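Novice: Would you mind keeping the following structure in view while I ask a few things?
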Amino acid sequence: MPEDKMPFTGHLSEIRKRLTVSVVAILVFFVAAFSFSEDIFRVLTLPMRSDLKFMVAYPFVTLVQKAGPERSLVFLAPAEALWVHLKIALITGIIVAVPVLFHQFWKFLSPGLVEREKKYALPFIFVSSGLFFLGAMFCFVIVLPFAMKFLLTYKTESLIPMISVEKYIDFCLKFVLAFGVVFELPLVIVFLTRMGIVTPQTLAKNRKYAVLLAFVAAAILTPTPDAFNQTLMALPIIVLYECGVLASRIFLKGKSHDDKGEKPEGGSV
């Protein structure tokens with residue numbers, strides 16, 4: 001059975017404690033990341049300076065230098081460059097602190113869980129953090145090069161790109177964070193099915209609505225209004241939805257086997 005119900009003031013105290021730990025972790029990683037913000041900035045400019053190339057042999061996917069003159073970024077205000085490095089350090093600190101954030105989220109939920117459910121703490125932190133990092137990496141390696149190539153070459157023959165460093169970094173970081181959050185979808189679906197809020201059958205039956213919601217979510221999360229970038233996000237959401245439905249079926253089967261294996265109190269069957 002879960003622990004005794006916590007009073008409202010206890011919940012507020014617990015929330016404050018978890019938020020404090022999370023903020024401290026982000027600040028620590030922010031300070032560390034600021035020392036390497038120039039190196040991180042150079043990495044973030046790779047999608048603008050490189051094209052994605054697929055190969056038959058290992059490593060199968062690589063970034064190659066764009067042909068033609070090298071594109072450069074400009075800053076339009078005296079403090080813009082400084083604010084960009086601060087923003088890079090802050091977002092990097094949040095991304096690196098993701099395991100800590102998920103751990104604190106689990107600690108907040110744990111008082112309401114039974115003992116059997118509390119053993120999933122480590123798998124939850126590992127899987128949720130892994131999905132977030134996978135989404136961020138997928139965005140940086142696959143999505144951003146495609147997006148930048150499309151946006152900088154589509155009907156721009158008579159135009160010269162002069163991209164503000166702040167606009168470019170905002171574009172990249174928002175995309176990376178959005179994909180990191182979106183890749184948590186399978187975990188959310190498994191959680192909802194384990195709680196009995198939805199069933200895999202219901203999710204499969206309403207697949208067409210999920211596709212529609214995927215494009216709506218992509219329109220909200222993408223930093224640009226064009227359909228191309230929205231499609232780049234909507235397609236992974238649809239795939240992740242199907243993965244979540246499949247995972248929920250597997251976990252529910254495992255749960256039913258566990259429930260059958262448990263004996264009632266008193267030892268009688």
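Residue numbering restarts at 1 in every chain; chains get A, B, ... in the order shown in the structure tokens, and ligands count up from 1 in that same order.
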Can you tell me, as a VMD selection string, which residues in region 2-250 of chain A count as strand (DSSP E) by DSSP?

Specialist: chain A and resid 50 to 54 61 to 65 73 to 74 163 to 164

Novice: Which residues come within 9 Å of Phe175 (chain A), counting only C-alpha atoms, excluding same-chain residues fewer than 3 positions away, as a list in words?

Specialist: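 Everything that qualifies: Ala136, Cys139, Phe140, Val143, Leu144, Asp170, Phe171, Cys172, Ala178, Phe179, Gly180, Leu221, Thr222 and Pro223 of chain A.
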
Novice: Take the residues from that selection and put them in a file with N, CA and C atoms, as a PDB file, in the first residue's frame.

Specialist:
```pdb
ATOM      1  N   ALA A 136      17.282  14.672 -28.621  1.00  0.00           N
ATOM      2  CA  ALA A 136      18.148  15.821 -28.878  1.00  0.00           C
ATOM      3  C   ALA A 136      19.201  15.491 -29.934  1.00  0.00           C
ATOM      4  N   CYS A 139      17.628  15.180 -33.414  1.00  0.00           N
ATOM      5  CA  CYS A 139      17.359  16.503 -33.952  1.00  0.00           C
ATOM      6  C   CYS A 139      18.630  17.135 -34.509  1.00  0.00           C
ATOM      7  N   PHE A 140      19.713  17.069 -33.745  1.00  0.00           N
ATOM      8  CA  PHE A 140      20.941  17.749 -34.149  1.00  0.00           C
ATOM      9  C   PHE A 140      21.596  17.080 -35.362  1.00  0.00           C
ATOM     10  N   VAL A 143      17.667  16.152 -38.171  1.00  0.00           N
ATOM     11  CA  VAL A 143      16.644  17.152 -38.500  1.00  0.00           C
ATOM     12  C   VAL A 143      17.244  18.510 -38.840  1.00  0.00           C
ATOM     13  N   LEU A 144      18.129  19.019 -37.987  1.00  0.00           N
ATOM     14  CA  LEU A 144      18.663  20.368 -38.214  1.00  0.00           C
ATOM     15  C   LEU A 144      19.401  20.518 -39.547  1.00  0.00           C
ATOM     16  N   ASP A 170      18.648  30.470 -31.115  1.00  0.00           N
ATOM     17  CA  ASP A 170      17.287  30.216 -30.641  1.00  0.00           C
ATOM     18  C   ASP A 170      16.628  29.112 -31.452  1.00  0.00           C
ATOM     19  N   PHE A 171      16.787  29.196 -32.766  1.00  0.00           N
ATOM     20  CA  PHE A 171      16.214  28.196 -33.667  1.00  0.00           C
ATOM     21  C   PHE A 171      16.738  26.803 -33.323  1.00  0.00           C
ATOM     22  N   CYS A 172      18.048  26.659 -33.183  1.00  0.00           N
ATOM     23  CA  CYS A 172      18.659  25.349 -32.914  1.00  0.00           C
ATOM     24  C   CYS A 172      18.265  24.818 -31.537  1.00  0.00           C
ATOM     25  N   ALA A 178      12.725  20.715 -28.052  1.00  0.00           N
ATOM     26  CA  ALA A 178      11.417  20.194 -28.451  1.00  0.00           C
ATOM     27  C   ALA A 178      11.503  18.715 -28.792  1.00  0.00           C
ATOM     28  N   PHE A 179      12.537  18.306 -29.515  1.00  0.00           N
ATOM     29  CA  PHE A 179      12.675  16.894 -29.868  1.00  0.00           C
ATOM     30  C   PHE A 179      12.997  16.055 -28.639  1.00  0.00           C
ATOM     31  N   GLY A 180      13.767  16.606 -27.706  1.00  0.00           N
ATOM     32  CA  GLY A 180      14.027  15.874 -26.473  1.00  0.00           C
ATOM     33  C   GLY A 180      12.751  15.590 -25.709  1.00  0.00           C
ATOM     34  N   LEU A 221       5.304  23.254 -31.484  1.00  0.00           N
ATOM     35  CA  LEU A 221       6.654  23.095 -30.946  1.00  0.00           C
ATOM     36  C   LEU A 221       7.751  23.613 -31.873  1.00  0.00           C
ATOM     37  N   THR A 222       7.531  23.562 -33.187  1.00  0.00           N
ATOM     38  CA  THR A 222       8.581  24.006 -34.099  1.00  0.00           C
ATOM     39  C   THR A 222       8.702  25.529 -34.062  1.00  0.00           C
ATOM     40  N   PRO A 223       9.934  26.041 -34.116  1.00  0.00           N
ATOM     41  CA  PRO A 223      10.125  27.491 -34.019  1.00  0.00           C
ATOM     42  C   PRO A 223       9.821  28.245 -35.307  1.00  0.00           C
TER      43      PRO A 223
END
```

Novice: What's around Ala147 (chain A) at 9 Å? Count only C-alpha atoms, leave out sequence neighbours fewer than 2 positions away in its own chain, and write the answer as a PyMOL selection string.

Specialist: chain A and resi 47+142-145+149-152+228-229+232

Novice: Create the file for the chosen residues now, containing N, CA and C atoms and written as a compact mmCIF listing (two decimals), in the first residue's frame.

Specialist:
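Output (result-v5.txt):
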```txt
# COMPACT_ATOMS: atom_id res chain seq x y z
N PRO A 47 25.29 22.36 -38.32
CA PRO A 47 24.20 22.17 -39.29
C PRO A 47 24.13 23.27 -40.35
N ILE A 142 20.12 14.69 -37.57
CA ILE A 142 19.27 14.40 -38.73
C ILE A 142 18.41 15.61 -39.12
N VAL A 143 17.67 16.15 -38.17
CA VAL A 143 16.64 17.15 -38.50
C VAL A 143 17.24 18.51 -38.84
N LEU A 144 18.13 19.02 -37.99
CA LEU A 144 18.66 20.37 -38.21
C LEU A 144 19.40 20.52 -39.55
N PRO A 145 20.27 19.58 -39.95
CA PRO A 145 20.91 19.73 -41.28
C PRO A 145 19.89 19.80 -42.41
N LYS A 149 19.30 23.22 -44.62
CA LYS A 149 19.51 23.15 -46.07
C LYS A 149 18.27 23.63 -46.82
N PHE A 150 17.09 23.21 -46.35
CA PHE A 150 15.85 23.61 -47.00
C PHE A 150 15.61 25.11 -46.85
N LEU A 151 15.75 25.62 -45.63
CA LEU A 151 15.42 27.02 -45.38
C LEU A 151 16.40 27.99 -46.05
N LEU A 152 17.66 27.58 -46.20
CA LEU A 152 18.66 28.48 -46.75
C LEU A 152 18.78 28.38 -48.28
N PHE A 228 7.37 22.27 -43.86
CA PHE A 228 8.49 21.33 -43.97
C PHE A 228 9.03 20.95 -42.60
N ASN A 229 9.33 21.93 -41.77
CA ASN A 229 9.87 21.65 -40.44
C ASN A 229 8.83 21.00 -39.53
N LEU A 232 8.91 17.41 -40.35
CA LEU A 232 10.10 16.77 -39.79
C LEU A 232 9.88 16.37 -38.33
```

Novice: Write out as a count of residues only all residues of region 15-236 of chain A that DSSP puts in alpha helix (DSSP H) for this structure's backbone.

Specialist: 152

Novice: Which residue gives the smallest distance to Leu252 (chain A) among A:Val190, A:Val84, A:Ile238, A:Val21, with only C-alpha atoms counted?

Specialist: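 Result for the nearest residue to Leu252 (chain A): A:Val190.
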